[in-house]
Structures are given as C-alpha cells and as structure tokens.
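The file structure10.cif contains mmCIF, C-alpha atoms:
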```
data_data
#
loop_
_atom_site.label_atom_id
_atom_site.label_comp_id
_atom_site.auth_asym_id
_atom_site.auth_seq_id
_atom_site.Cartn_x
_atom_site.Cartn_y
_atom_site.Cartn_z
CA MET R 29 0.00 0.00 0.00
CA HIS R 30 1.44 3.34 -1.01
CA LEU R 31 0.76 6.81 -2.36
CA LEU R 32 0.76 7.11 -6.11
CA SER R 33 0.57 10.89 -5.89
CA VAL R 34 0.05 13.83 -3.58
CA ASN R 35 -2.27 16.36 -5.24
CA VAL R 36 -2.84 20.03 -4.46
CA GLY R 37 -4.73 22.79 -6.20
CA ARG R 38 -4.92 26.55 -6.40
CA ALA R 39 -8.25 28.32 -6.56
CA GLY R 40 -9.34 28.75 -10.18
CA THR R 41 -12.37 30.00 -12.05
CA ALA R 42 -14.54 29.16 -15.05
CA ASP R 43 -11.66 28.75 -17.48
CA LEU R 44 -10.69 25.43 -15.88
CA PRO R 45 -10.21 22.77 -18.58
CA GLY R 46 -12.88 20.09 -18.59
CA ALA R 47 -15.33 22.24 -16.66
CA PRO R 48 -17.49 23.99 -19.27
CA GLY R 49 -20.50 24.12 -16.94
CA PHE R 50 -18.96 26.45 -14.37
CA GLU R 51 -20.70 29.77 -14.00
CA ALA R 52 -18.67 32.76 -15.06
CA GLY R 53 -16.34 33.79 -12.27
CA MET R 54 -17.15 30.77 -10.10
CA ALA R 55 -14.07 29.89 -8.03
CA THR R 56 -13.09 26.41 -6.88
CA GLY R 57 -10.03 24.54 -5.69
CA ILE R 58 -11.18 21.17 -7.04
CA ASP R 59 -8.51 21.08 -9.76
CA LYS R 60 -5.93 19.03 -7.80
CA ARG R 61 -2.73 17.99 -9.58
CA PRO R 62 0.21 15.80 -8.55
CA VAL R 63 3.24 17.59 -7.16
CA GLU R 64 6.84 16.50 -6.88
CA GLY R 65 8.79 16.52 -3.65
CA PRO R 66 7.63 16.61 -0.04
CA VAL R 67 4.35 18.23 1.06
CA ALA R 68 3.79 19.26 4.68
CA VAL R 69 0.51 18.10 6.22
CA ALA R 70 -0.94 19.47 9.48
CA ALA R 71 -4.33 20.02 11.13
CA PRO R 72 -5.80 23.17 9.53
CA GLY R 73 -8.17 24.23 12.32
CA PRO R 74 -11.94 24.08 12.76
CA LYS R 75 -14.34 24.07 9.84
CA GLY R 76 -15.20 27.52 8.61
CA VAL R 77 -11.76 28.77 9.57
CA GLY R 78 -9.27 26.11 8.53
CA GLY R 79 -8.91 24.99 4.94
CA SER R 80 -6.84 22.10 3.63
CA GLY R 81 -4.35 20.19 5.71
CA LEU R 82 -1.83 20.18 2.86
CA ALA R 83 0.58 23.04 2.35
CA GLY R 84 -0.04 24.74 -0.99
CA ASP R 85 -3.59 23.40 -1.35
CA GLU R 86 -6.43 25.91 -1.50
CA ILE R 87 -10.08 25.52 -0.55
CA VAL R 88 -12.55 28.21 -1.60
CA SER R 89 -15.77 27.27 0.22
CA LEU R 90 -14.69 26.98 3.85
CA ARG R 91 -18.34 26.68 4.88
CA HIS R 92 -18.66 23.30 3.17
CA HIS R 93 -15.11 21.99 2.84
CA GLY R 94 -11.90 21.76 4.80
CA GLY R 95 -11.29 22.02 8.51
CA ASP R 96 -9.93 19.40 10.88
CA ASP R 97 -12.46 16.67 9.99
CA GLN R 98 -11.88 17.16 6.25
CA ALA R 99 -8.19 18.02 6.31
CA VAL R 100 -7.21 15.44 3.69
CA TYR R 101 -9.21 13.60 1.02
CA ALA R 102 -8.06 10.19 -0.23
CA PHE R 103 -9.30 8.22 -3.23
CA ALA R 104 -8.10 4.86 -4.51
CA ARG R 105 -6.54 4.56 -7.94
CA GLU R 106 -8.43 1.29 -8.32
CA ASP R 107 -11.72 3.19 -8.05
CA LEU R 108 -10.54 5.82 -10.51
CA ASP R 109 -9.71 2.99 -12.92
CA ARG R 110 -13.24 1.61 -12.64
CA TRP R 111 -14.69 5.04 -13.38
CA GLU R 112 -12.33 5.40 -16.35
CA GLN R 113 -13.82 2.28 -17.87
CA GLU R 114 -17.40 3.34 -17.17
CA LEU R 115 -17.00 6.91 -18.39
CA GLY R 116 -14.70 6.04 -21.30
CA ARG R 117 -12.26 8.85 -20.57
CA PRO R 118 -8.90 9.19 -18.84
CA LEU R 119 -8.94 10.22 -15.17
CA PRO R 120 -5.46 11.28 -14.05
CA ASN R 121 -4.56 11.23 -10.38
CA GLY R 122 -6.36 14.11 -8.67
CA SER R 123 -9.31 14.07 -11.10
CA PHE R 124 -11.86 13.69 -8.30
CA GLY R 125 -10.30 16.49 -6.28
CA GLU R 126 -8.47 14.07 -4.02
CA ASN R 127 -5.30 15.04 -2.18
CA LEU R 128 -4.00 11.48 -1.96
CA THR R 129 -4.30 8.95 -4.75
CA THR R 130 -3.58 5.55 -3.20
CA SER R 131 -2.67 2.12 -4.50
CA GLY R 132 -3.44 -1.19 -2.80
CA LEU R 133 -5.52 0.40 -0.03
CA ASP R 134 -9.22 -0.32 0.45
CA VAL R 135 -10.20 3.29 1.12
CA ASN R 136 -13.96 2.67 1.12
CA GLY R 137 -13.59 -0.39 3.35
CA ALA R 138 -11.61 1.61 5.92
CA LEU R 139 -13.28 1.95 9.31
CA ILE R 140 -14.23 5.31 10.76
CA GLY R 141 -11.49 6.00 13.30
CA GLU R 142 -8.96 3.82 11.47
CA ARG R 143 -5.47 5.34 11.47
CA TRP R 144 -2.88 5.34 8.71
CA ARG R 145 0.79 6.15 8.94
CA ILE R 146 2.13 7.62 5.73
CA GLY R 147 5.85 8.02 5.33
CA ALA R 148 7.93 8.46 8.45
CA ASP R 149 5.82 10.81 10.57
CA LEU R 150 2.32 11.57 9.31
CA VAL R 151 -0.61 9.81 11.02
CA LEU R 152 -4.12 10.34 9.65
CA GLU R 153 -7.48 9.16 10.98
CA VAL R 154 -10.46 8.26 8.78
CA SER R 155 -13.29 10.62 9.70
CA ALA R 156 -16.02 10.60 7.03
CA PRO R 157 -16.97 9.80 3.43
CA ARG R 158 -17.00 12.47 0.74
CA ILE R 159 -20.51 13.62 -0.18
CA PRO R 160 -20.77 14.65 -3.86
CA CYS R 161 -21.71 18.27 -4.46
CA ARG R 162 -22.70 20.45 -7.39
CA THR R 163 -19.14 21.68 -7.88
CA PHE R 164 -17.92 18.09 -8.24
CA ALA R 165 -20.68 17.31 -10.74
CA THR R 166 -19.93 20.41 -12.78
CA TRP R 167 -16.20 19.67 -12.75
CA LEU R 168 -16.73 16.15 -14.13
CA GLY R 169 -19.29 17.31 -16.66
CA GLU R 170 -21.13 13.97 -16.63
CA ALA R 171 -24.93 13.79 -16.83
CA GLY R 172 -26.56 12.69 -13.59
CA TRP R 173 -23.18 12.54 -11.88
CA ILE R 174 -24.31 13.02 -8.26
CA LYS R 175 -26.81 10.17 -8.56
CA ARG R 176 -24.31 7.87 -10.30
CA PHE R 177 -21.56 8.57 -7.77
CA THR R 178 -23.97 8.08 -4.87
CA GLN R 179 -25.25 4.75 -6.17
CA GLU R 180 -21.66 3.46 -6.40
CA ALA R 181 -21.18 4.08 -2.64
CA ALA R 182 -17.41 4.27 -3.09
CA PRO R 183 -16.86 7.93 -2.19
CA GLY R 184 -13.32 7.97 -0.85
CA ALA R 185 -12.41 9.12 2.64
CA TYR R 186 -11.82 12.34 4.49
CA LEU R 187 -9.11 12.19 7.12
CA ARG R 188 -8.03 14.09 10.23
CA VAL R 189 -4.40 14.83 11.02
CA ILE R 190 -3.36 13.11 14.25
CA GLU R 191 0.39 13.61 13.90
CA PRO R 192 1.71 16.13 11.33
CA GLY R 193 4.46 15.30 8.89
CA GLU R 194 5.73 15.46 5.34
CA ILE R 195 4.69 13.06 2.59
CA ARG R 196 5.49 12.50 -1.06
CA ALA R 197 4.53 10.21 -3.92
CA GLY R 198 5.76 6.66 -3.32
CA ASP R 199 5.47 6.79 0.47
CA PRO R 200 4.17 3.60 2.09
CA VAL R 201 0.78 3.61 3.80
CA THR R 202 0.44 1.43 6.90
CA VAL R 203 -2.77 0.84 8.87
CA VAL R 204 -1.62 1.31 12.48
CA HIS R 205 -5.02 1.17 14.21
CA ARG R 206 -8.29 -0.48 13.25
CA PRO R 207 -11.16 0.06 15.72
CA ALA R 208 -13.49 -2.70 16.91
CA HIS R 209 -16.70 -1.76 15.10
CA HIS R 210 -18.21 -2.30 11.65
CA VAL R 211 -18.75 1.25 10.40
CA THR R 212 -16.79 1.63 7.19
CA VAL R 213 -16.55 4.65 4.92
CA SER R 214 -18.97 3.04 2.48
CA PHE R 215 -21.42 2.05 5.25
CA LEU R 216 -21.48 5.57 6.66
CA PHE R 217 -21.96 7.00 3.17
CA ARG R 218 -24.95 4.76 2.51
CA ALA R 219 -26.42 5.60 5.91
CA GLY R 220 -26.18 9.30 5.15
CA THR R 221 -27.60 9.08 1.64
CA VAL R 222 -29.67 6.21 0.24
CA GLU R 223 -30.12 3.93 3.29
CA ARG R 224 -30.97 6.23 6.17
CA ALA R 225 -32.34 3.32 8.21
CA LEU R 226 -28.68 2.47 8.85
CA LEU R 227 -28.05 5.76 10.69
CA PRO R 228 -28.50 4.42 14.25
CA ASP R 229 -25.90 1.74 13.53
CA VAL R 230 -23.20 4.31 12.75
CA LEU R 231 -23.17 5.34 16.41
CA ALA R 232 -21.01 2.28 16.99
CA ALA R 233 -18.11 4.38 15.70
CA GLY R 234 -18.39 6.57 18.81
CA ASP R 235 -16.16 9.60 19.14
CA ALA R 236 -14.55 8.95 15.75
CA LEU R 237 -17.69 10.31 14.09
CA THR R 238 -17.84 13.98 13.20
CA ALA R 239 -20.11 16.00 15.49
CA GLY R 240 -22.59 16.61 12.68
CA THR R 241 -22.86 12.92 11.79
CA ARG R 242 -23.34 11.93 15.41
CA GLU R 243 -26.09 14.53 15.89
CA LYS R 244 -27.86 13.38 12.73
CA ALA R 245 -27.74 9.73 13.81
CA LEU R 246 -28.99 10.53 17.31
CA ALA R 247 -31.85 12.62 15.94
CA TYR R 248 -32.87 9.85 13.55
CA ARG R 249 -32.78 7.25 16.32
CA ALA R 250 -34.91 9.49 18.55
CA SER R 251 -37.48 9.83 15.76
CA LEU R 252 -38.07 6.09 15.47
#
```
Structure rendered as structure tokens:
Amino acid sequence: MHLLSVNVGRAGTADLPGAPGFEAGMATGIDKRPVEGPVAVAAPGPKGVGGSGLAGDEIVSLRHHGGDDQAVYAFAREDLDRWEQELGRPLPNGSFGENLTTSGLDVNGALIGERWRIGADLVLEVSAPRIPCRTFATWLGEAGWIKRFTQEAAPGAYLRVIEPGEIRAGDPVTVVHRPAHHVTVSFLFRAGTVERALLPDVLAAGDALTAGTREKALAYRASL
C-alpha cells in the first residue's frame, strides 16, 4: 500500500479545462494535480476557519469543505480505474479532487477512526466519506453525476491529522489502528444518503464520528 501521488490545487475559475459548466467567475479549488517533492501536512483548524491540511492546497468554500475533519481527502486509484472504464475517458490522479491517490488500499472499506501512517511521521485518521456536491458534478461534466456517484457508494475518505508530517509520492501507507466496530466509509456514506435506516448503527463508531454525523444519527434514532 502506497501513495501514487500527492495532489494540491490553487483556486481557479470558469476557465478550468474540462469544466465547461462552471458559471462565469465561479471559483473552486477542485482542480488538484500531482506535485513532486515533499508536502507538509498538518491540522488546519476548525471548519469555517481552517482549509486544507496540505501546504499549498487551497479551498474556496470553507463553509462546506476543509477544517480538521476534512483536512485530507483520499481516493483509490483502483476506483478511478473503474470510473475510467465506465466513463470512457482518462482520469489522471487528482481528477476527483483528491489530495491522496492511493494504491493497494481499500479506502472505502476503511473503518471510521482507522489510522494510517504515511511516510515516516504523518498519522491520519479516517473521519467521514466524501458527499458529492454540485461543484464536483460540474467539474466532471457527466450527466446525472451526483446520482451515479452516490449509487456506487465508493466515495473515498476524508481524514483528520493526528500527527503532522511530510509526505510525497511513493510513500508507504500502513494501517496502524483499526477500531473494533463495523462502520466503514462506504457504510457511513450509505447511511447518510440512500439507506438512512442504517443511521442508528453508525453510532457504533463513537467519538470517531464527526459532530454533525453523530447529531444526525442521534436525531434519527430518537425519531423512530
């Protein structure tokens, strides 16, 4: 298991290649591209204030993206390859706006609260699945993209920074902690989207859940 690439992006506007549907002047940092050399990763701060955990990576909408619970976004190359075949178009590393493109790692089967060591020092903790948004759909330019991506239930994982460090392409990824529950990234994604009856079950992940997810699950359980 290792990193194929570390991807960062600068805020851009409607002239982004491959994004003809962007409104004029609309800014986004979704255009992530592989970089050479080491990249420092650290906890960015609370949502609404902190952006990306990666140095040199920009996030425009701090209300919806970034912050400690979404400091880093990982997506498996194997899942990009499957989408390449389905969409019939090349998807270079970073195409889905991911910071880390991984190889040999079951990102969607990772447990909430699972911890990964990357390189010598960095330790990340799986916090939540990525929920597709309008910006993502516009960037891909595929009809019905949000529905298609949701039905696949392979959204990739957001991660918190537990121990800061530097990483680069080729670094090994080691799972150093796997909690004793069943709530995977894919399970939590399905519970929050198309199978809401699963929401009470996600509480098994305990404090590893984001505050918003925990509140949503508790409210749903109370409504039953």
What does the distance from atom CA of Pro120 of chain R to atom CA of Val154 of chain R come to in Å, to one decimal?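 About the pair atom CA of Pro120 of chain R and atom CA of Val154 of chain R: they are 23.6 Å apart.
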Find the residues around Gln98 of chain R up to 8 Å (all atoms listed in the file counted), leave out those fewer than 6 positions away in its own chain, and share them as a PyMOL selection string. chain R and resi 80+155-156+186-188
Residues from last step as file, C-alpha atoms, as a PDB file, keeping the file's coordinate frame:
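Writing done, so here's result_16.pdb:
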```pdb
ATOM      1  CA  SER R  80      -6.840  22.100   3.630  1.00  0.00           C
ATOM      2  CA  SER R 155     -13.290  10.620   9.700  1.00  0.00           C
ATOM      3  CA  ALA R 156     -16.020  10.600   7.030  1.00  0.00           C
ATOM      4  CA  TYR R 186     -11.820  12.340   4.490  1.00  0.00           C
ATOM      5  CA  LEU R 187      -9.110  12.190   7.120  1.00  0.00           C
ATOM      6  CA  ARG R 188      -8.030  14.090  10.230  1.00  0.00           C
TER       7      ARG R 188
END
```
Which of these, R:Arg196, R:His205, R:Arg218, R:Arg162, has the shortest distance to Arg143 of chain R once you count only C-alpha atoms?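 Using only C-alpha atoms, Arg143 of chain R sits closest to R:His205.
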Nearest candidate to Ile195 of chain R (options R:Ala236, R:Leu31, R:Ala99, R:Ala39; using all atoms listed in the file):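 Among R:Ala236, R:Leu31, R:Ala99, R:Ala39, it is R:Leu31 that comes nearest to Ile195 of chain R.
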Have a look at R:Ala239, R:Val36, R:Val67, R:Leu168 and name the one nearest to Asp96 of chain R; count only C-alpha atoms. R:Ala239
Using the chain letters and numbers from this file, what does the PyMOL selection byres ((chain R and resi 144) around 9) select? Give the answer as a PDB file with C-alpha atoms, in the coordinates of the input.
```
ATOM      1  CA  GLU R 142      -8.960   3.820  11.470  1.00  0.00           C
ATOM      2  CA  ARG R 143      -5.470   5.340  11.470  1.00  0.00           C
ATOM      3  CA  ARG R 145       0.790   6.150   8.940  1.00  0.00           C
ATOM      4  CA  ILE R 146       2.130   7.620   5.730  1.00  0.00           C
ATOM      5  CA  LEU R 150       2.320  11.570   9.310  1.00  0.00           C
ATOM      6  CA  VAL R 151      -0.610   9.810  11.020  1.00  0.00           C
ATOM      7  CA  LEU R 152      -4.120  10.340   9.650  1.00  0.00           C
ATOM      8  CA  GLU R 153      -7.480   9.160  10.980  1.00  0.00           C
ATOM      9  CA  VAL R 154     -10.460   8.260   8.780  1.00  0.00           C
ATOM     10  CA  VAL R 201       0.780   3.610   3.800  1.00  0.00           C
ATOM     11  CA  THR R 202       0.440   1.430   6.900  1.00  0.00           C
ATOM     12  CA  VAL R 203      -2.770   0.840   8.870  1.00  0.00           C
ATOM     13  CA  VAL R 204      -1.620   1.310  12.480  1.00  0.00           C
ATOM     14  CA  HIS R 205      -5.020   1.170  14.210  1.00  0.00           C
TER      15      HIS R 205
END
```
Residue nearest Leu139 of chain R - candidates R:Gly169, R:Pro72, R:Gly95, R:Pro207, atoms counted: all atoms listed in the file: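 Between R:Gly169, R:Pro72, R:Gly95, R:Pro207, the residue approaching Leu139 of chain R most closely is R:Pro207.
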Quick one: which residues end up in the PyMOL selection byres ((chain R and resi 30) around 9) for this structure, as a PDB file with C-alpha atoms, in the frame of the given file?
```
ATOM      1  CA  MET R  29       0.000   0.000   0.000  1.00  0.00           C
ATOM      2  CA  LEU R  31       0.760   6.810  -2.360  1.00  0.00           C
ATOM      3  CA  LEU R  32       0.760   7.110  -6.110  1.00  0.00           C
ATOM      4  CA  THR R 129      -4.300   8.950  -4.750  1.00  0.00           C
ATOM      5  CA  THR R 130      -3.580   5.550  -3.200  1.00  0.00           C
ATOM      6  CA  SER R 131      -2.670   2.120  -4.500  1.00  0.00           C
ATOM      7  CA  GLY R 132      -3.440  -1.190  -2.800  1.00  0.00           C
ATOM      8  CA  LEU R 133      -5.520   0.400  -0.030  1.00  0.00           C
ATOM      9  CA  ILE R 146       2.130   7.620   5.730  1.00  0.00           C
ATOM     10  CA  ALA R 197       4.530  10.210  -3.920  1.00  0.00           C
ATOM     11  CA  GLY R 198       5.760   6.660  -3.320  1.00  0.00           C
ATOM     12  CA  ASP R 199       5.470   6.790   0.470  1.00  0.00           C
ATOM     13  CA  PRO R 200       4.170   3.600   2.090  1.00  0.00           C
ATOM     14  CA  VAL R 201       0.780   3.610   3.800  1.00  0.00           C
ATOM     15  CA  THR R 202       0.440   1.430   6.900  1.00  0.00           C
TER      16      THR R 202
END
```
Top pick for closest residue to Thr166 of chain R, considering R:Asp149, R:Asp109, R:Asp59, R:Glu86 and counting all atoms listed in the file: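 For Thr166 of chain R, the nearest of the given residues is R:Asp59.
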Among the residues R:Ala245, R:Val222, R:Val189, R:Ala171, the one that comes closest to Gly94 of chain R [using all atoms listed in the file]: R:Val189
May I have the protein, DNA and RNA residues with any atom at most 7 Å from the point (-15.7, 23.2, -6.4), counting all atoms listed in the file, written as a list in words?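 Counting all atoms listed in the file, I find these residues within 7 Å of (-15.7, 23.2, -6.4): Thr56, Gly57, Ile58, Thr163 and Phe164 of chain R.
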Determine the residue set returned by the PyMOL selection byres ((chain R and resi 104-107) around 12) for the present structure, and present it as a ChimeraX atom specification. /R:29-33,101-103,108-114,119-138,177,180-185
